[in-house]
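Shown here: structure28.cif, mmCIF, C-alpha atoms.
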```cif
data_work
#
loop_
_atom_site.label_atom_id
_atom_site.label_comp_id
_atom_site.auth_asym_id
_atom_site.auth_seq_id
_atom_site.Cartn_x
_atom_site.Cartn_y
_atom_site.Cartn_z
CA MET F 266 0.00 0.00 0.00
CA ARG F 267 1.40 3.35 -1.05
CA VAL F 268 0.02 6.55 0.47
CA LYS F 269 0.31 9.74 -1.52
CA ILE F 270 -0.47 13.12 0.03
CA ARG F 271 -1.43 15.49 -2.75
CA ALA F 272 -3.42 18.62 -3.43
CA ALA F 273 -7.13 17.86 -3.56
CA HIS F 274 -9.12 18.79 -6.65
CA PRO F 275 -12.82 19.01 -7.52
CA GLU F 276 -12.84 15.42 -8.80
CA ASP F 277 -12.25 14.33 -5.16
CA ALA F 278 -15.59 15.81 -4.09
CA LYS F 279 -17.46 12.52 -3.85
CA ALA F 280 -14.85 10.91 -1.59
CA ILE F 281 -14.32 14.03 0.54
CA SER F 282 -18.05 14.62 0.98
CA ARG F 283 -18.44 11.00 2.11
CA LEU F 284 -15.67 11.50 4.70
CA ILE F 285 -17.32 14.71 5.94
CA ARG F 286 -20.73 13.04 6.23
CA GLU F 287 -19.55 9.81 7.82
CA GLU F 288 -16.62 10.93 9.97
CA LEU F 289 -17.58 14.50 10.87
CA ASN F 290 -21.34 13.88 10.95
CA THR F 291 -21.96 16.91 8.77
CA PRO F 292 -24.54 16.68 5.99
CA VAL F 293 -23.03 17.81 2.70
CA SER F 294 -23.52 16.87 -0.92
CA ALA F 295 -20.80 15.96 -3.37
CA SER F 296 -21.93 18.79 -5.65
CA ASP F 297 -21.59 21.38 -2.86
CA ILE F 298 -18.12 20.09 -2.00
CA ALA F 299 -17.13 20.10 -5.70
CA GLN F 300 -18.18 23.75 -5.97
CA LYS F 301 -16.25 24.69 -2.81
CA LEU F 302 -13.19 22.74 -3.94
CA SER F 303 -13.27 24.61 -7.25
CA GLN F 304 -13.02 27.88 -5.35
CA LEU F 305 -10.74 26.92 -2.48
CA CYS F 306 -8.21 24.91 -4.49
CA ILE F 307 -7.20 28.05 -6.38
CA SER F 308 -7.03 30.29 -3.31
CA PRO F 309 -3.54 31.13 -2.06
CA ARG F 310 -4.95 31.28 1.49
CA HIS F 311 -6.28 27.70 1.54
CA ARG F 312 -4.83 24.25 0.99
CA ILE F 313 -6.81 21.05 0.87
CA PHE F 314 -4.70 17.93 0.94
CA ALA F 315 -5.96 14.48 0.00
CA ALA F 316 -4.55 11.18 1.20
CA ASP F 317 -4.64 8.85 -1.77
CA VAL F 318 -4.19 5.07 -1.48
CA ASP F 319 -4.22 3.22 -4.80
CA ASN F 320 -6.09 6.13 -6.43
CA VAL F 321 -8.76 6.21 -3.72
CA VAL F 322 -9.07 9.23 -1.41
CA VAL F 323 -9.10 7.88 2.16
CA GLY F 324 -8.49 11.13 4.03
CA TYR F 325 -8.28 14.87 3.66
CA LEU F 326 -7.20 17.98 5.55
CA HIS F 327 -8.30 21.59 4.98
CA ILE F 328 -5.99 24.31 6.30
CA CYS F 329 -6.02 28.07 5.80
CA ASP F 330 -4.44 31.32 6.95
CA PHE F 331 -5.08 32.46 10.50
CA TYR F 332 -4.44 36.07 11.44
CA SER F 333 -4.89 37.62 14.86
CA LEU F 334 -3.92 40.79 16.65
CA LEU F 335 -2.71 38.54 19.45
CA CYS F 336 -0.07 36.48 17.63
CA ASP F 337 2.12 36.24 14.57
CA PRO F 338 0.69 34.53 11.47
CA MET F 339 -0.36 30.92 11.81
CA LYS F 340 -2.30 28.42 9.76
CA GLN F 341 -5.52 26.85 11.04
CA ILE F 342 -6.87 23.40 10.34
CA LEU F 343 -10.55 23.78 9.50
CA SER F 344 -11.37 20.11 9.04
CA MET F 345 -9.73 16.74 8.73
CA ALA F 346 -10.93 13.17 8.41
CA VAL F 347 -9.50 9.72 7.69
CA ASN F 348 -11.51 6.65 6.78
CA PRO F 349 -11.55 4.37 9.88
CA SER F 350 -10.22 1.44 7.83
CA TYR F 351 -7.06 3.47 7.17
CA ARG F 352 -6.39 4.83 10.65
CA ARG F 353 -3.35 4.03 12.77
CA ILE F 354 -1.08 3.52 9.78
CA GLY F 355 0.28 7.07 9.49
CA ILE F 356 -2.16 8.72 7.09
CA GLY F 357 -3.39 11.35 9.56
CA SER F 358 0.18 12.10 10.60
CA ALA F 359 1.22 12.44 6.97
CA LEU F 360 -1.63 14.87 6.30
CA LEU F 361 -0.63 16.94 9.34
CA ALA F 362 3.03 16.88 8.33
CA ARG F 363 2.16 18.18 4.86
CA ALA F 364 0.02 20.95 6.34
CA GLU F 365 2.76 21.91 8.80
CA HIS F 366 5.29 21.97 5.97
CA TRP F 367 3.11 24.46 4.07
CA ALA F 368 2.82 26.60 7.22
CA LYS F 369 6.59 26.62 7.71
CA GLU F 370 7.18 27.49 4.05
CA ALA F 371 4.82 30.45 4.53
CA GLY F 372 6.82 31.70 7.53
CA CYS F 373 4.12 30.93 10.09
CA ILE F 374 4.87 30.39 13.77
CA GLY F 375 2.64 27.32 14.03
CA VAL F 376 -0.62 25.58 13.28
CA ARG F 377 -3.91 25.78 15.18
CA ALA F 378 -6.45 22.97 15.13
CA ASP F 379 -9.41 24.29 17.02
CA ALA F 380 -12.14 24.68 14.44
CA PHE F 381 -13.61 21.18 14.26
CA PRO F 382 -15.34 18.91 16.78
CA TYR F 383 -13.09 16.58 18.72
CA SER F 384 -13.72 13.03 19.70
CA GLN F 385 -11.48 11.58 22.39
CA GLU F 386 -9.66 9.74 19.60
CA ALA F 387 -9.03 13.00 17.72
CA LYS F 388 -7.74 14.71 20.88
CA ALA F 389 -5.38 11.82 21.57
CA PHE F 390 -4.17 11.96 17.97
CA LEU F 391 -3.43 15.69 18.15
CA PHE F 392 -1.60 15.30 21.47
CA ALA F 393 0.47 12.46 19.98
CA CYS F 394 1.39 14.74 17.06
CA GLY F 395 2.73 17.44 19.37
CA TYR F 396 -0.30 19.70 19.68
CA ASN F 397 -1.20 21.24 23.03
CA ASP F 398 -4.75 22.10 24.01
CA ASP F 399 -7.03 25.07 24.50
CA PRO F 400 -6.80 25.83 21.66
CA PHE F 401 -5.07 22.87 20.07
CA GLN F 402 -1.95 24.22 18.49
CA LYS F 403 1.60 23.33 17.60
CA LEU F 404 4.21 26.06 17.60
CA PHE F 405 7.35 25.63 15.53
CA GLU F 406 10.84 26.02 16.94
CA PRO F 407 12.34 29.40 16.05
#
```

I need this file expressed as structure tokens, please.
Amino acid sequence: MRVKIRAAHPEDAKAISRLIREELNTPVSASDIAQKLSQLCISPRHRIFAADVDNVVVGYLHICDFYSLLCDPMKQILSMAVNPSYRRIGIGSALLARAEHWAKEAGCIGVRADAFPYSQEAKAFLFACGYNDDPFQKLFEP
């Protein structure tokens, strides 16, 4: 099994909308997600990464710019999901690593992950990946 982390595109809408419905319990249609992907995939402020296994999208992560008067620029994870059949084999970590790489390239001080609902499993995952809580965030070494 070979995992490829790549930029998502509108053709991934069916798989991503299924992940959002089933893993995030959020009702969305594939057509709505396709329309949003068409807009967001060309935005310099957003990145949506897809985890591809044998040409099947099994996970995704959406990250964007985060600006505040209270801190230097960061990126913020807006949503993330991995198919349960593909968990605990490094796909979520690979998605996070790719998002963190983009944040570092952009000169950000870290990544926040406080915009989506957390299960106990998701909290444990973020802690294991070096995020602290309230809000979940990971600051990079200077």

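Closest approach to F:Arg353 among F:Glu406, F:Asp398, F:Glu386, F:Glu287: F:Glu386, based on only C-alpha atoms.
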
The PyMOL selection byres ((chain F and resi 340) around 8) resolved against shown file, as a ChimeraX atom specification: /F:328-331,338-339,341-342,368,373,375-377

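The nearest approach to F:Leu361 among the residues F:Ser384, F:Asn348, F:Val268, F:Tyr325, with only C-alpha atoms taken into account, belongs to F:Tyr325.
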
Spatial neighbours of F:Ala299, 9 Å, all atoms listed in the file, chain gap at least 5 places, as a ChimeraX atom specification: /F:274-279,282,294,304

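Neighbouring residues of F:Phe314 at 6 Å or closer, counting only C-alpha atoms and skipping chain neighbours under 6 positions away, are Arg271, Ala272, Ala273, Tyr325 and Leu326 of chain F.
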
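Between atom CA of F:Glu365 and atom CA of F:Cys306 lies a distance of 17.5 Å.
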
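Of the residues listed (F:Gln385, F:Asp319, F:Met266, F:Ile281), F:Ile281 shows the shortest atom-to-atom separation from F:Asp297; distances use only C-alpha atoms.
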
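Nearest residue to F:Phe390, choosing from F:Leu302, F:Cys336, F:Ala364, F:Ile356 and counting only C-alpha atoms: F:Ile356.
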
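Residues selected in this file by the PyMOL selection byres ((chain F and resi 401) around 8) comprise Arg377, Ala378, Asp379, Leu391, Tyr396, Asn397, Asp398, Asp399, Pro400, Gln402 and Lys403 of chain F.
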
Atom pair atom CA of F:Arg283 / atom CA of F:Val318: separation (Å): 15.8 Å

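Each of F:Val321, F:Leu284, F:Leu343, F:Ala389 was compared to F:Lys269 using all atoms listed in the file, and F:Val321 turns out to be the nearest.
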
Using the atoms already present, construct N, CA and C atoms for stretch 346-382 of chain F and hand them back as an mmCIF file, in the frame of the given file.
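The new file part_23.cif reads:
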```
data_model
loop_
_atom_site.group_PDB
_atom_site.id
_atom_site.type_symbol
_atom_site.label_atom_id
_atom_site.label_comp_id
_atom_site.auth_asym_id
_atom_site.auth_seq_id
_atom_site.Cartn_x
_atom_site.Cartn_y
_atom_site.Cartn_z
ATOM 1 N N ALA F 346 -10.313 14.469 8.169
ATOM 2 C CA ALA F 346 -10.930 13.170 8.410
ATOM 3 C C ALA F 346 -10.145 12.086 7.681
ATOM 4 N N VAL F 347 -10.113 10.902 8.300
ATOM 5 C CA VAL F 347 -9.500 9.720 7.690
ATOM 6 C C VAL F 347 -10.476 8.570 7.834
ATOM 7 N N ASN F 348 -10.653 7.830 6.768
ATOM 8 C CA ASN F 348 -11.510 6.650 6.780
ATOM 9 C C ASN F 348 -11.034 5.717 7.905
ATOM 10 N N PRO F 349 -11.952 5.230 8.755
ATOM 11 C CA PRO F 349 -11.550 4.370 9.880
ATOM 12 C C PRO F 349 -10.745 3.139 9.477
ATOM 13 N N SER F 350 -10.974 2.613 8.295
ATOM 14 C CA SER F 350 -10.220 1.440 7.830
ATOM 15 C C SER F 350 -8.760 1.759 7.554
ATOM 16 N N TYR F 351 -8.423 3.051 7.481
ATOM 17 C CA TYR F 351 -7.060 3.470 7.170
ATOM 18 C C TYR F 351 -6.409 4.236 8.317
ATOM 19 N N ARG F 352 -6.978 4.153 9.489
ATOM 20 C CA ARG F 352 -6.390 4.830 10.650
ATOM 21 C C ARG F 352 -5.295 3.977 11.278
ATOM 22 N N ARG F 353 -4.448 4.667 12.024
ATOM 23 C CA ARG F 353 -3.350 4.030 12.770
ATOM 24 C C ARG F 353 -2.283 3.416 11.883
ATOM 25 N N ILE F 354 -2.171 3.959 10.660
ATOM 26 C CA ILE F 354 -1.080 3.520 9.780
ATOM 27 C C ILE F 354 -0.285 4.719 9.249
ATOM 28 N N GLY F 355 -0.526 5.895 9.819
ATOM 29 C CA GLY F 355 0.280 7.070 9.490
ATOM 30 C C GLY F 355 -0.333 8.053 8.513
ATOM 31 N N ILE F 356 -1.551 7.818 8.072
ATOM 32 C CA ILE F 356 -2.160 8.720 7.090
ATOM 33 C C ILE F 356 -2.477 10.076 7.714
ATOM 34 N N GLY F 357 -3.099 10.085 8.889
ATOM 35 C CA GLY F 357 -3.390 11.350 9.560
ATOM 36 C C GLY F 357 -2.122 12.136 9.853
ATOM 37 N N SER F 358 -1.100 11.449 10.319
ATOM 38 C CA SER F 358 0.180 12.100 10.600
ATOM 39 C C SER F 358 0.801 12.677 9.337
ATOM 40 N N ALA F 359 0.673 11.950 8.236
ATOM 41 C CA ALA F 359 1.220 12.440 6.970
ATOM 42 C C ALA F 359 0.463 13.677 6.483
ATOM 43 N N LEU F 360 -0.854 13.683 6.650
ATOM 44 C CA LEU F 360 -1.630 14.870 6.300
ATOM 45 C C LEU F 360 -1.205 16.070 7.143
ATOM 46 N N LEU F 361 -1.070 15.850 8.452
ATOM 47 C CA LEU F 361 -0.630 16.940 9.340
ATOM 48 C C LEU F 361 0.763 17.424 8.968
ATOM 49 N N ALA F 362 1.664 16.496 8.686
ATOM 50 C CA ALA F 362 3.030 16.880 8.330
ATOM 51 C C ALA F 362 3.045 17.739 7.070
ATOM 52 N N ARG F 363 2.220 17.389 6.095
ATOM 53 C CA ARG F 363 2.160 18.180 4.860
ATOM 54 C C ARG F 363 1.604 19.576 5.131
ATOM 55 N N ALA F 364 0.589 19.655 5.978
ATOM 56 C CA ALA F 364 0.020 20.950 6.340
ATOM 57 C C ALA F 364 1.030 21.794 7.106
ATOM 58 N N GLU F 365 1.744 21.185 8.029
ATOM 59 C CA GLU F 365 2.760 21.910 8.800
ATOM 60 C C GLU F 365 3.887 22.384 7.899
ATOM 61 N N HIS F 366 4.246 21.577 6.922
ATOM 62 C CA HIS F 366 5.290 21.970 5.970
ATOM 63 C C HIS F 366 4.867 23.239 5.215
ATOM 64 N N TRP F 367 3.597 23.275 4.761
ATOM 65 C CA TRP F 367 3.110 24.460 4.070
ATOM 66 C C TRP F 367 3.161 25.677 4.999
ATOM 67 N N ALA F 368 2.786 25.492 6.261
ATOM 68 C CA ALA F 368 2.820 26.600 7.220
ATOM 69 C C ALA F 368 4.237 27.111 7.420
ATOM 70 N N LYS F 369 5.190 26.200 7.541
ATOM 71 C CA LYS F 369 6.590 26.620 7.710
ATOM 72 C C LYS F 369 7.096 27.354 6.476
ATOM 73 N N GLU F 370 6.780 26.821 5.295
ATOM 74 C CA GLU F 370 7.180 27.490 4.050
ATOM 75 C C GLU F 370 6.644 28.917 3.986
ATOM 76 N N ALA F 371 5.465 29.137 4.549
ATOM 77 C CA ALA F 371 4.820 30.450 4.530
ATOM 78 C C ALA F 371 5.339 31.372 5.632
ATOM 79 N N GLY F 372 6.258 30.876 6.468
ATOM 80 C CA GLY F 372 6.820 31.700 7.530
ATOM 81 C C GLY F 372 5.941 31.818 8.758
ATOM 82 N N CYS F 373 5.021 30.898 8.935
ATOM 83 C CA CYS F 373 4.120 30.930 10.090
ATOM 84 C C CYS F 373 4.818 30.414 11.347
ATOM 85 N N ILE F 374 4.285 30.823 12.506
ATOM 86 C CA ILE F 374 4.870 30.390 13.770
ATOM 87 C C ILE F 374 4.304 29.054 14.241
ATOM 88 N N GLY F 375 3.227 28.592 13.621
ATOM 89 C CA GLY F 375 2.640 27.320 14.030
ATOM 90 C C GLY F 375 1.315 27.060 13.348
ATOM 91 N N VAL F 376 0.665 26.007 13.826
ATOM 92 C CA VAL F 376 -0.620 25.580 13.280
ATOM 93 C C VAL F 376 -1.604 25.424 14.425
ATOM 94 N N ARG F 377 -2.799 25.941 14.229
ATOM 95 C CA ARG F 377 -3.910 25.780 15.180
ATOM 96 C C ARG F 377 -4.838 24.694 14.638
ATOM 97 N N ALA F 378 -5.508 24.020 15.538
ATOM 98 C CA ALA F 378 -6.450 22.970 15.130
ATOM 99 C C ALA F 378 -7.663 23.011 16.035
ATOM 100 N N ASP F 379 -8.314 24.161 16.064
ATOM 101 C CA ASP F 379 -9.410 24.290 17.020
ATOM 102 C C ASP F 379 -10.758 24.575 16.380
ATOM 103 N N ALA F 380 -10.902 24.287 15.109
ATOM 104 C CA ALA F 380 -12.140 24.680 14.440
ATOM 105 C C ALA F 380 -13.061 23.502 14.116
ATOM 106 N N PHE F 381 -12.713 22.296 14.557
ATOM 107 C CA PHE F 381 -13.610 21.180 14.260
ATOM 108 C C PHE F 381 -13.872 20.374 15.519
ATOM 109 N N PRO F 382 -14.972 19.642 15.558
ATOM 110 C CA PRO F 382 -15.340 18.910 16.780
ATOM 111 C C PRO F 382 -14.359 17.771 17.055
#
```
